[in-house]
$ cat run.cif   # mmCIF, C-alpha atoms
data_structure
#
loop_
_atom_site.group_PDB
_atom_site.id
_atom_site.type_symbol
_atom_site.label_atom_id
_atom_site.label_comp_id
_atom_site.auth_asym_id
_atom_site.auth_seq_id
_atom_site.Cartn_x
_atom_site.Cartn_y
_atom_site.Cartn_z
ATOM 1 C CA MET A 966 0.000 0.000 0.000
ATOM 2 C CA SER A 967 1.238 3.487 -0.840
ATOM 3 C CA LYS A 968 1.943 6.185 1.715
ATOM 4 C CA GLN A 969 -0.841 8.249 0.161
ATOM 5 C CA PHE A 970 -3.317 5.423 0.838
ATOM 6 C CA TRP A 971 -2.361 5.258 4.535
ATOM 7 C CA ASP A 972 -2.394 9.042 4.870
ATOM 8 C CA GLU A 973 -5.924 9.106 3.479
ATOM 9 C CA TRP A 974 -6.935 6.162 5.665
ATOM 10 C CA ASN A 975 -5.668 7.849 8.832
ATOM 11 C CA ALA A 976 -7.518 11.028 7.912
ATOM 12 C CA ARG A 977 -10.829 9.179 7.484
ATOM 13 C CA PRO A 978 -12.989 8.901 10.648
ATOM 14 C CA GLN A 979 -14.163 5.400 11.575
ATOM 15 C CA GLN A 980 -17.380 4.557 13.349
ATOM 16 C CA HIS A 981 -17.025 3.139 16.832
ATOM 17 C CA TYR A 982 -19.407 2.735 19.731
ATOM 18 C CA LEU A 983 -19.147 3.498 23.414
ATOM 19 C CA ILE A 984 -20.716 0.537 25.231
ATOM 20 C CA GLU A 985 -22.374 0.605 28.641
ATOM 21 C CA PRO A 986 -22.288 -1.355 30.867
ATOM 22 C CA ARG A 987 -18.792 -2.517 30.112
ATOM 23 C CA TYR A 988 -19.359 -6.071 31.354
ATOM 24 C CA LEU A 989 -21.685 -6.701 28.389
ATOM 25 C CA ALA A 990 -19.360 -5.238 25.747
ATOM 26 C CA GLY A 991 -17.813 -8.517 24.573
ATOM 27 C CA GLY A 992 -14.174 -9.538 24.537
ATOM 28 C CA GLY A 993 -12.511 -6.684 22.630
ATOM 29 C CA ASP A 994 -8.963 -6.284 21.330
ATOM 30 C CA LEU A 995 -6.533 -8.662 23.074
ATOM 31 C CA ARG A 996 -3.700 -6.182 22.549
ATOM 32 C CA HIS A 997 -5.189 -4.060 25.321
ATOM 33 C CA VAL A 998 -3.843 -6.744 27.674
ATOM 34 C CA THR A 999 -0.889 -8.223 25.803
ATOM 35 C CA GLU A 1000 0.844 -5.024 24.703
ATOM 36 C CA PHE A 1001 0.744 -3.719 28.261
ATOM 37 C CA LEU A 1002 2.307 -6.943 29.555
ATOM 38 C CA ARG A 1003 5.012 -6.823 26.895
ATOM 39 C CA ALA A 1004 5.796 -3.185 27.698
ATOM 40 C CA SER A 1005 5.947 -4.082 31.409
ATOM 41 C CA GLY A 1006 8.772 -6.546 30.794
ATOM 42 C CA TRP A 1007 6.787 -9.791 30.648
ATOM 43 C CA LYS A 1008 8.162 -12.467 28.343
ATOM 44 C CA ASP A 1009 6.008 -13.406 25.354
ATOM 45 C CA LEU A 1010 6.199 -17.194 24.897
ATOM 46 C CA SER A 1011 3.356 -17.363 22.369
ATOM 47 C CA LYS A 1012 3.810 -19.415 19.213
ATOM 48 C CA THR A 1013 2.380 -18.578 15.820
ATOM 49 C CA GLY A 1014 -1.080 -20.102 15.528
ATOM 50 C CA GLY A 1015 -1.057 -21.204 19.157
ATOM 51 C CA PRO A 1016 -2.387 -19.794 22.410
ATOM 52 C CA LEU A 1017 -1.032 -16.560 23.905
ATOM 53 C CA VAL A 1018 1.393 -17.173 26.772
ATOM 54 C CA PHE A 1019 3.165 -14.563 28.921
ATOM 55 C CA ASP A 1020 5.484 -15.124 31.881
ATOM 56 C CA SER A 1021 6.217 -12.549 34.562
ATOM 57 C CA PRO A 1022 9.827 -11.320 34.852
ATOM 58 C CA ASP A 1023 10.339 -13.490 37.962
ATOM 59 C CA LYS A 1024 8.653 -16.479 36.252
ATOM 60 C CA ASN A 1025 6.212 -16.862 39.166
ATOM 61 C CA ILE A 1026 3.065 -15.989 37.179
ATOM 62 C CA ARG A 1027 1.873 -17.186 33.786
ATOM 63 C CA ILE A 1028 -0.988 -15.653 31.781
ATOM 64 C CA GLY A 1029 -2.502 -17.550 28.881
ATOM 65 C CA PHE A 1030 -5.322 -17.021 26.410
ATOM 66 C CA ASP A 1031 -6.636 -19.863 24.262
ATOM 67 C CA PRO A 1032 -9.794 -19.449 22.155
ATOM 68 C CA LEU A 1033 -9.552 -22.922 20.616
ATOM 69 C CA VAL A 1034 -10.247 -25.066 23.686
ATOM 70 C CA GLN A 1035 -13.560 -25.413 25.484
ATOM 71 C CA PRO A 1036 -14.741 -23.239 27.108
ATOM 72 C CA GLY A 1037 -11.752 -21.086 26.107
ATOM 73 C CA GLY A 1038 -10.540 -17.813 27.514
ATOM 74 C CA TRP A 1039 -7.937 -16.567 29.978
ATOM 75 C CA THR A 1040 -6.001 -18.634 32.514
ATOM 76 C CA ILE A 1041 -3.755 -16.987 35.089
ATOM 77 C CA ARG A 1042 -1.598 -19.069 37.406
ATOM 78 C CA GLY A 1043 0.641 -18.019 40.276
ATOM 79 C CA LYS A 1044 3.254 -20.284 41.844
ATOM 80 C CA ALA A 1045 3.628 -20.718 45.581
ATOM 81 C CA ASP A 1046 6.038 -18.062 46.825
ATOM 82 C CA GLY A 1047 6.956 -17.657 50.481
ATOM 83 C CA HIS A 1048 3.729 -17.238 52.474
ATOM 84 C CA GLN A 1049 1.682 -17.040 49.251
ATOM 85 C CA GLU A 1050 0.089 -20.328 48.218
ATOM 86 C CA ALA A 1051 -0.278 -21.300 44.556
ATOM 87 C CA TRP A 1052 -3.378 -19.825 42.948
ATOM 88 C CA HIS A 1053 -5.147 -19.587 39.629
ATOM 89 C CA ALA A 1054 -7.976 -17.720 37.937
ATOM 90 C CA THR A 1055 -9.980 -18.402 34.790
ATOM 91 C CA LEU A 1056 -11.882 -15.759 32.828
ATOM 92 C CA GLY A 1057 -14.251 -16.642 30.011
ATOM 93 C CA LEU A 1058 -13.715 -15.959 26.329
ATOM 94 C CA GLN A 1059 -16.074 -12.964 26.245
ATOM 95 C CA THR A 1060 -14.773 -11.280 29.391
ATOM 96 C CA PRO A 1061 -14.094 -7.695 28.250
ATOM 97 C CA VAL A 1062 -10.367 -7.037 27.940
ATOM 98 C CA GLU A 1063 -10.728 -3.894 30.048
ATOM 99 C CA ILE A 1064 -11.941 -6.044 32.944
ATOM 100 C CA VAL A 1065 -9.229 -8.671 32.351
ATOM 101 C CA ALA A 1066 -6.701 -5.824 32.388
ATOM 102 C CA GLY A 1067 -7.922 -4.762 35.819
ATOM 103 C CA LEU A 1068 -6.355 -7.995 37.061
ATOM 104 C CA THR A 1069 -3.381 -8.345 34.706
ATOM 105 C CA ASP A 1070 -2.292 -4.702 35.052
ATOM 106 C CA ALA A 1071 -2.267 -5.159 38.836
ATOM 107 C CA LEU A 1072 0.141 -8.092 38.400
ATOM 108 C CA THR A 1073 2.715 -5.698 36.915
ATOM 109 C CA ARG A 1074 2.622 -3.243 39.831
ATOM 110 C CA PRO A 1075 4.020 -3.427 43.360
ATOM 111 C CA ARG A 1076 1.400 -4.426 45.885
ATOM 112 C CA SER A 1077 -0.195 -1.521 47.732
ATOM 113 C CA ALA A 1078 0.366 -1.215 51.466
ATOM 114 C CA HIS A 1079 -3.354 -0.761 52.187
ATOM 115 C CA ALA A 1080 -5.450 -3.718 53.318
ATOM 116 C CA PRO A 1081 -7.383 -4.983 50.268
ATOM 117 C CA ASN A 1082 -11.175 -5.044 50.233
ATOM 118 C CA ALA A 1083 -12.739 -6.666 47.166
ATOM 119 C CA TRP A 1084 -16.219 -5.376 48.060
ATOM 120 C CA ALA A 1085 -15.336 -1.681 48.449
ATOM 121 C CA PRO A 1086 -15.172 -0.771 44.701
ATOM 122 C CA LEU A 1087 -18.547 -2.433 44.159
ATOM 123 C CA GLU A 1088 -20.182 -0.628 47.066
ATOM 124 C CA ARG A 1089 -18.888 2.720 45.786
ATOM 125 C CA GLN A 1090 -20.628 2.116 42.442
ATOM 126 C CA GLY A 1091 -23.963 1.181 43.956
ATOM 127 C CA TRP A 1092 -23.754 -2.606 43.758
ATOM 128 C CA GLN A 1093 -26.074 -4.172 46.306
ATOM 129 C CA ALA A 1094 -25.487 -6.995 48.753
ATOM 130 C CA GLN A 1095 -27.821 -9.892 48.013
ATOM 131 C CA PRO A 1096 -29.154 -12.178 50.762
ATOM 132 C CA GLY A 1097 -28.363 -15.841 50.440
ATOM 133 C CA PRO A 1098 -25.974 -18.570 51.575
ATOM 134 C CA HIS A 1099 -23.009 -16.851 49.885
ATOM 135 C CA VAL A 1100 -21.665 -13.293 50.124
ATOM 136 C CA THR A 1101 -22.817 -11.659 46.869
ATOM 137 C CA ALA A 1102 -22.835 -8.176 45.312
ATOM 138 C CA VAL A 1103 -25.120 -7.480 42.335
ATOM 139 C CA SER A 1104 -24.883 -4.650 39.804
ATOM 140 C CA PRO A 1105 -27.638 -1.997 39.756
ATOM 141 C CA ASP A 1106 -29.075 -3.465 36.514
ATOM 142 C CA ARG A 1107 -28.775 -6.992 37.994
ATOM 143 C CA ASN A 1108 -26.899 -8.228 34.925
ATOM 144 C CA SER A 1109 -23.592 -8.876 36.683
ATOM 145 C CA TRP A 1110 -22.505 -10.108 40.088
ATOM 146 C CA ILE A 1111 -19.520 -11.206 42.123
ATOM 147 C CA GLN A 1112 -19.734 -13.762 44.878
ATOM 148 C CA PHE A 1113 -17.615 -15.489 47.472
ATOM 149 C CA HIS A 1114 -19.007 -18.974 46.951
ATOM 150 C CA GLN A 1115 -18.537 -21.770 49.448
ATOM 151 C CA SER A 1116 -19.852 -25.072 48.129
ATOM 152 C CA ALA A 1117 -18.577 -27.124 51.060
ATOM 153 C CA PRO A 1118 -16.301 -26.658 54.077
ATOM 154 C CA GLY A 1119 -12.846 -25.855 52.764
ATOM 155 C CA GLN A 1120 -14.138 -25.494 49.188
ATOM 156 C CA ALA A 1121 -14.580 -21.799 48.510
ATOM 157 C CA HIS A 1122 -13.836 -19.554 45.554
ATOM 158 C CA TRP A 1123 -14.576 -16.141 44.111
ATOM 159 C CA TRP A 1124 -16.991 -16.203 41.212
ATOM 160 C CA ALA A 1125 -18.067 -13.359 38.927
ATOM 161 C CA SER A 1126 -20.411 -13.432 35.965
ATOM 162 C CA ALA A 1127 -22.462 -11.350 33.542
ATOM 163 C CA ARG A 1128 -25.522 -12.156 31.475
ATOM 164 C CA ASN A 1129 -27.790 -10.615 28.878
ATOM 165 C CA GLU A 1130 -31.157 -11.679 27.480
ATOM 166 C CA HIS A 1131 -29.430 -14.465 25.503
ATOM 167 C CA GLY A 1132 -27.963 -16.092 28.599
ATOM 168 C CA ARG A 1133 -24.633 -16.176 30.361
ATOM 169 C CA ALA A 1134 -22.074 -13.878 28.708
ATOM 170 C CA TRP A 1135 -18.972 -14.911 30.676
ATOM 171 C CA ASP A 1136 -17.730 -16.249 33.998
ATOM 172 C CA ALA A 1137 -14.616 -15.640 36.046
ATOM 173 C CA VAL A 1138 -13.465 -17.928 38.857
ATOM 174 C CA PHE A 1139 -10.660 -17.334 41.364
ATOM 175 C CA THR A 1140 -9.313 -19.898 43.816
ATOM 176 C CA PRO A 1141 -9.569 -18.895 47.490
ATOM 177 C CA THR A 1142 -5.773 -18.561 47.580
ATOM 178 C CA THR A 1143 -5.837 -15.772 44.966
ATOM 179 C CA PRO A 1144 -4.244 -12.666 46.552
ATOM 180 C CA LEU A 1145 -7.125 -10.458 47.675
ATOM 181 C CA HIS A 1146 -5.631 -7.291 46.180
ATOM 182 C CA LEU A 1147 -5.956 -8.916 42.750
ATOM 183 C CA VAL A 1148 -9.628 -9.718 43.334
ATOM 184 C CA GLU A 1149 -10.065 -6.100 44.422
ATOM 185 C CA ALA A 1150 -8.419 -4.853 41.201
ATOM 186 C CA PHE A 1151 -10.720 -7.106 39.181
ATOM 187 C CA SER A 1152 -13.846 -5.940 41.010
ATOM 188 C CA ALA A 1153 -12.861 -2.294 40.512
ATOM 189 C CA ALA A 1154 -12.558 -2.835 36.753
ATOM 190 C CA LEU A 1155 -15.812 -4.805 36.720
ATOM 191 C CA ALA A 1156 -17.791 -2.043 38.446
ATOM 192 C CA ASP A 1157 -16.130 0.881 36.665
ATOM 193 C CA PRO A 1158 -19.001 2.930 35.172
ATOM 194 C CA LYS A 1159 -16.926 4.296 32.296
ATOM 195 C CA PRO A 1160 -18.001 2.904 28.904
ATOM 196 C CA VAL A 1161 -15.598 0.961 26.700
ATOM 197 C CA MET A 1162 -15.099 1.418 22.964
ATOM 198 C CA ARG A 1163 -15.761 -1.165 20.289
ATOM 199 C CA PRO A 1164 -15.676 -0.979 16.470
ATOM 200 C CA ARG A 1165 -18.915 -1.344 14.575
ATOM 201 C CA GLY A 1166 -20.085 -4.962 14.530
ATOM 202 C CA MET A 1167 -17.586 -6.038 17.218
ATOM 203 C CA PHE A 1168 -19.854 -6.289 20.250
ATOM 204 C CA PRO A 1169 -22.667 -8.730 21.104
ATOM 205 C CA PRO A 1170 -26.170 -7.601 20.128
ATOM 206 C CA SER A 1171 -28.246 -6.993 23.236
ATOM 207 C CA ASN A 1172 -31.076 -4.737 24.296
ATOM 208 C CA ARG A 1173 -29.426 -4.491 27.708
ATOM 209 C CA VAL A 1174 -26.533 -2.340 26.483
ATOM 210 C CA ARG A 1175 -26.497 1.383 25.765
ATOM 211 C CA THR A 1176 -24.508 2.468 22.748
ATOM 212 C CA THR A 1177 -23.248 5.873 21.700
ATOM 213 C CA SER A 1178 -21.935 6.250 18.157
ATOM 214 C CA VAL A 1179 -18.646 8.144 17.849
ATOM 215 C CA SER A 1180 -16.344 8.953 14.934
ATOM 216 C CA VAL A 1181 -12.708 8.263 15.700
ATOM 217 C CA LEU A 1182 -9.601 8.800 13.616
ATOM 218 C CA PRO A 1183 -7.215 5.810 13.416
ATOM 219 C CA ALA A 1184 -4.449 8.141 14.571
ATOM 220 C CA GLU A 1185 -6.451 8.929 17.715
ATOM 221 C CA LEU A 1186 -6.918 5.240 18.482
ATOM 222 C CA SER A 1187 -3.213 4.656 17.971
ATOM 223 C CA ALA A 1188 -2.336 7.566 20.270
ATOM 224 C CA TRP A 1189 -4.572 6.236 23.061
ATOM 225 C CA GLN A 1190 -3.046 2.779 22.775
ATOM 226 C CA GLN A 1191 0.470 4.209 22.727
ATOM 227 C CA ALA A 1192 -0.185 6.274 25.854
ATOM 228 C CA ARG A 1193 -1.065 3.093 27.751
ATOM 229 C CA ILE A 1194 2.050 1.323 26.474
ATOM 230 C CA THR A 1195 4.259 4.314 27.299
ATOM 231 C CA ALA A 1196 2.907 4.362 30.860
ATOM 232 C CA ALA A 1197 3.739 0.647 31.241
ATOM 233 C CA ARG A 1198 7.283 1.153 29.954
ATOM 234 C CA ALA A 1199 7.827 4.124 32.260
ATOM 235 C CA ALA A 1200 6.648 2.127 35.284
ATOM 236 C CA ALA A 1201 8.865 -0.834 34.340
ATOM 237 C CA TRP A 1202 11.852 1.488 33.898
ATOM 238 C CA ALA A 1203 11.206 3.114 37.288
ATOM 239 C CA ARG A 1204 10.990 -0.265 39.034
ATOM 240 C CA SER A 1205 14.185 -1.443 37.375
ATOM 241 C CA ASN A 1206 16.117 1.672 38.334
ATOM 242 C CA TRP A 1207 14.783 1.675 41.890
ATOM 243 C CA SER A 1208 15.848 -1.956 42.293
ATOM 244 C CA SER A 1209 19.358 -1.333 40.937
ATOM 245 C CA ALA A 1210 19.757 1.819 43.057
ATOM 246 C CA ARG A 1211 18.962 0.138 46.381
ATOM 247 C CA PRO A 1212 22.020 -0.195 48.623
ATOM 248 C CA ARG A 1213 23.205 -3.780 48.848
ATOM 249 C CA LYS A 1214 23.687 -5.454 52.185
ATOM 250 C CA THR A 1215 27.366 -5.826 52.999
ATOM 251 C CA THR A 1216 29.240 -7.312 55.915
ATOM 252 C CA PRO A 1217 30.504 -4.382 58.001
ATOM 253 C CA ALA A 1218 34.266 -4.047 58.237
ATOM 254 C CA PRO A 1219 35.745 -4.830 61.668
ATOM 255 C CA SER A 1220 36.030 -1.747 63.839
ATOM 256 C CA PRO A 1221 39.626 -0.776 64.700
ATOM 257 C CA TYR A 1222 38.435 -0.099 68.238
ATOM 258 C CA ALA A 1223 37.150 -3.672 68.486
ATOM 259 C CA ALA A 1224 40.572 -4.952 67.399
ATOM 260 C CA GLY A 1225 42.274 -2.748 69.953
ATOM 261 C CA SER A 1226 39.957 -4.010 72.693
ATOM 262 C CA ALA A 1227 40.751 -7.601 71.757
ATOM 263 C CA HIS A 1228 44.496 -6.938 72.152
ATOM 264 C CA ALA A 1229 43.889 -5.207 75.461
ATOM 265 C CA ARG A 1230 42.081 -8.261 76.855
ATOM 266 C CA ARG A 1231 44.993 -10.602 76.169
#

$ encode --input "run.cif" --output "structure tokens"
Amino acid sequence: MSKQFWDEWNARPQQHYLIEPRYLAGGGDLRHVTEFLRASGWKDLSKTGGPLVFDSPDKNIRIGFDPLVQPGGWTIRGKADGHQEAWHATLGLQTPVEIVAGLTDALTRPRSAHAPNAWAPLERQGWQAQPGPHVTAVSPDRNSWIQFHQSAPGQAHWWASARNEHGRAWDAVFTPTTPLHLVEAFSAALADPKPVMRPRGMFPPSNRVRTTSVSVLPAELSAWQQARITAARAAAWARSNWSSARPRKTTPAPSPYAAGSAHARR
């Protein structure tokens, strides 16, 4: 293609839609997750034609996406590390990438010092506690929920889901050993009231979603994506430099006064 073609293409607005609520927007562009991981220093182990696979820099966490298996979707696994037990999470094929990124972005950042509370982001956005045998919060439109589900003593997990008039849209399940700050990051992304953007024809038809048509230049889309990637690279660079700048522990040199005292005691 000629440069003139691409110049004309980038100058031509494209129709997109802002989708609300975000949990019914469909999967979206996987690069929203994968490019951020790559820019954050995660190793891309994906093979052409195969599932996506990313390993954390310390090799303790693996994120995969496979649309070809049943039921398909995202799998995130963390190894046992110190006091942290092994854990894993699965998120369905149609889980919006912006909600997946709530979890995966949090994996690239240092853990906050505050005590995590997975229910707080939901409460702030008006999600309501639902009576029943399990602790559950339900969205205002009742089309999504998150629950701490205990099926039997010692068998508990976090479970989130969304549905439209056609049935279940997606599910997400977290083992009880999943670090709570990651569940909190997921719930914050789930309840975020901001709409997400999808190209025309790239979101599930449903009368339970609100759509707003917008015209967007390809250059604008590229700039928004690049800003997210740049932020990830900057954070990775800052972490790397902070780590290398920390003073290393060294064995203190013997004090000359201590040596003198030793001679004096002989």

$ closest_residue --input "run.cif" --among "A:Val1100, A:Val1161, A:Val1018, A:Leu1087" --to "Val1174 in chain A" --atoms "only C-alpha atoms"
A:Val1161

$ axis_aligned_box --input "run.cif" --around "range 1060-1079 of chain A" --padding-each-side "8 Å" --output "JSON"
{"center_x": -5.4, "center_y": -6.0, "center_z": 40.1, "size_x": 34.8, "size_y": 26.5, "size_z": 40.2}

$ resolve_selection --input "run.cif" --expression "the PyMOL selection byres ((chain A and resi 999) around 12)" --output "VMD selection string"
chain A and resid 994 to 998 1000 to 1011 1017 to 1020 1028 to 1030 1039 1062 to 1063 1065 to 1066 1069 to 1070 1073 1190 1193 to 1194 1197

$ closest_residue --input "run.cif" --among "A:Gln1090, A:Gln979, A:Thr1013, A:Gln1112" --to "Val1148 in chain A" --atoms "only C-alpha atoms"
A:Gln1112

$ closest_residue --input "run.cif" --among "A:Gly1037, A:Pro1170, A:Pro1118, A:Pro1081" --to "His1131 in chain A" --atoms "all atoms listed in the file"
A:Pro1170

$ decode --input "run.cif" --residues "range 1076-1086 of chain A" --atoms "all heavy atoms" --output "PDB file, in the first residue's frame"
ATOM      1  N   ARG A1076       2.619  -4.320  45.077  1.00  0.00           N
ATOM      2  CA  ARG A1076       1.400  -4.426  45.885  1.00  0.00           C
ATOM      3  C   ARG A1076       1.265  -3.219  46.796  1.00  0.00           C
ATOM      4  O   ARG A1076       2.235  -2.774  47.414  1.00  0.00           O
ATOM      5  CB  ARG A1076       1.445  -5.708  46.708  1.00  0.00           C
ATOM      6  CG  ARG A1076       0.200  -5.973  47.515  1.00  0.00           C
ATOM      7  CD  ARG A1076       0.240  -7.367  48.100  1.00  0.00           C
ATOM      8  NE  ARG A1076      -0.941  -7.641  48.890  1.00  0.00           N
ATOM      9  CZ  ARG A1076      -1.246  -8.847  49.370  1.00  0.00           C
ATOM     10  NH1 ARG A1076      -0.435  -9.863  49.107  1.00  0.00           N
ATOM     11  NH2 ARG A1076      -2.331  -9.029  50.079  1.00  0.00           N
ATOM     12  N   SER A1077       0.060  -2.676  46.872  1.00  0.00           N
ATOM     13  CA  SER A1077      -0.195  -1.521  47.732  1.00  0.00           C
ATOM     14  C   SER A1077      -0.088  -1.917  49.198  1.00  0.00           C
ATOM     15  O   SER A1077      -0.337  -3.075  49.569  1.00  0.00           O
ATOM     16  CB  SER A1077      -1.590  -0.950  47.444  1.00  0.00           C
ATOM     17  OG  SER A1077      -1.935   0.038  48.382  1.00  0.00           O
ATOM     18  N   ALA A1078       0.238  -0.951  50.032  1.00  0.00           N
ATOM     19  CA  ALA A1078       0.366  -1.215  51.466  1.00  0.00           C
ATOM     20  C   ALA A1078      -0.992  -1.282  52.159  1.00  0.00           C
ATOM     21  O   ALA A1078      -1.089  -1.776  53.284  1.00  0.00           O
ATOM     22  CB  ALA A1078       1.220  -0.125  52.116  1.00  0.00           C
ATOM     23  N   HIS A1079      -2.059  -0.774  51.514  1.00  0.00           N
ATOM     24  CA  HIS A1079      -3.354  -0.761  52.187  1.00  0.00           C
ATOM     25  C   HIS A1079      -3.957  -2.157  52.201  1.00  0.00           C
ATOM     26  O   HIS A1079      -3.688  -2.995  51.341  1.00  0.00           O
ATOM     27  CB  HIS A1079      -4.305   0.232  51.504  1.00  0.00           C
ATOM     28  CG  HIS A1079      -5.021  -0.336  50.323  1.00  0.00           C
ATOM     29  ND1 HIS A1079      -4.445  -0.426  49.068  1.00  0.00           N
ATOM     30  CD2 HIS A1079      -6.285  -0.863  50.199  1.00  0.00           C
ATOM     31  CE1 HIS A1079      -5.312  -0.974  48.232  1.00  0.00           C
ATOM     32  NE2 HIS A1079      -6.433  -1.251  48.878  1.00  0.00           N
ATOM     33  N   ALA A1080      -4.792  -2.411  53.209  1.00  0.00           N
ATOM     34  CA  ALA A1080      -5.450  -3.718  53.318  1.00  0.00           C
ATOM     35  C   ALA A1080      -6.498  -3.838  52.216  1.00  0.00           C
ATOM     36  O   ALA A1080      -7.378  -2.979  52.092  1.00  0.00           O
ATOM     37  CB  ALA A1080      -6.112  -3.850  54.687  1.00  0.00           C
ATOM     38  N   PRO A1081      -6.444  -4.873  51.390  1.00  0.00           N
ATOM     39  CA  PRO A1081      -7.383  -4.983  50.268  1.00  0.00           C
ATOM     40  C   PRO A1081      -8.800  -5.298  50.734  1.00  0.00           C
ATOM     41  O   PRO A1081      -9.009  -5.963  51.750  1.00  0.00           O
ATOM     42  CB  PRO A1081      -6.801  -6.126  49.436  1.00  0.00           C
ATOM     43  CG  PRO A1081      -6.004  -6.934  50.399  1.00  0.00           C
ATOM     44  CD  PRO A1081      -5.459  -5.976  51.408  1.00  0.00           C
ATOM     45  N   ASN A1082      -9.761  -4.792  49.969  1.00  0.00           N
ATOM     46  CA  ASN A1082     -11.175  -5.044  50.233  1.00  0.00           C
ATOM     47  C   ASN A1082     -11.874  -5.188  48.888  1.00  0.00           C
ATOM     48  O   ASN A1082     -12.108  -4.199  48.188  1.00  0.00           O
ATOM     49  CB  ASN A1082     -11.791  -3.894  51.036  1.00  0.00           C
ATOM     50  CG  ASN A1082     -13.257  -4.125  51.357  1.00  0.00           C
ATOM     51  OD1 ASN A1082     -13.910  -5.008  50.810  1.00  0.00           O
ATOM     52  ND2 ASN A1082     -13.790  -3.325  52.266  1.00  0.00           N
ATOM     53  N   ALA A1083     -12.177  -6.411  48.494  1.00  0.00           N
ATOM     54  CA  ALA A1083     -12.739  -6.666  47.166  1.00  0.00           C
ATOM     55  C   ALA A1083     -14.149  -6.112  47.016  1.00  0.00           C
ATOM     56  O   ALA A1083     -14.614  -5.900  45.892  1.00  0.00           O
ATOM     57  CB  ALA A1083     -12.753  -8.173  46.890  1.00  0.00           C
ATOM     58  N   TRP A1084     -14.840  -5.861  48.125  1.00  0.00           N
ATOM     59  CA  TRP A1084     -16.219  -5.376  48.060  1.00  0.00           C
ATOM     60  C   TRP A1084     -16.304  -3.855  47.947  1.00  0.00           C
ATOM     61  O   TRP A1084     -17.308  -3.328  47.460  1.00  0.00           O
ATOM     62  CB  TRP A1084     -16.991  -5.834  49.298  1.00  0.00           C
ATOM     63  CG  TRP A1084     -16.942  -7.309  49.512  1.00  0.00           C
ATOM     64  CD1 TRP A1084     -16.250  -7.973  50.472  1.00  0.00           C
ATOM     65  CD2 TRP A1084     -17.589  -8.316  48.721  1.00  0.00           C
ATOM     66  NE1 TRP A1084     -16.419  -9.329  50.347  1.00  0.00           N
ATOM     67  CE2 TRP A1084     -17.242  -9.568  49.284  1.00  0.00           C
ATOM     68  CE3 TRP A1084     -18.428  -8.283  47.612  1.00  0.00           C
ATOM     69  CZ2 TRP A1084     -17.704 -10.765  48.766  1.00  0.00           C
ATOM     70  CZ3 TRP A1084     -18.898  -9.478  47.091  1.00  0.00           C
ATOM     71  CH2 TRP A1084     -18.534 -10.708  47.662  1.00  0.00           C
ATOM     72  N   ALA A1085     -15.278  -3.151  48.392  1.00  0.00           N
ATOM     73  CA  ALA A1085     -15.336  -1.681  48.449  1.00  0.00           C
ATOM     74  C   ALA A1085     -15.593  -1.030  47.087  1.00  0.00           C
ATOM     75  O   ALA A1085     -16.436  -0.140  46.975  1.00  0.00           O
ATOM     76  CB  ALA A1085     -14.069  -1.132  49.092  1.00  0.00           C
ATOM     77  N   PRO A1086     -14.894  -1.415  45.991  1.00  0.00           N
ATOM     78  CA  PRO A1086     -15.172  -0.771  44.701  1.00  0.00           C
ATOM     79  C   PRO A1086     -16.601  -0.987  44.226  1.00  0.00           C
ATOM     80  O   PRO A1086     -17.191  -0.112  43.579  1.00  0.00           O
ATOM     81  CB  PRO A1086     -14.173  -1.449  43.742  1.00  0.00           C
ATOM     82  CG  PRO A1086     -13.120  -2.034  44.609  1.00  0.00           C
ATOM     83  CD  PRO A1086     -13.818  -2.421  45.877  1.00  0.00           C
TER      84      PRO A1086
END
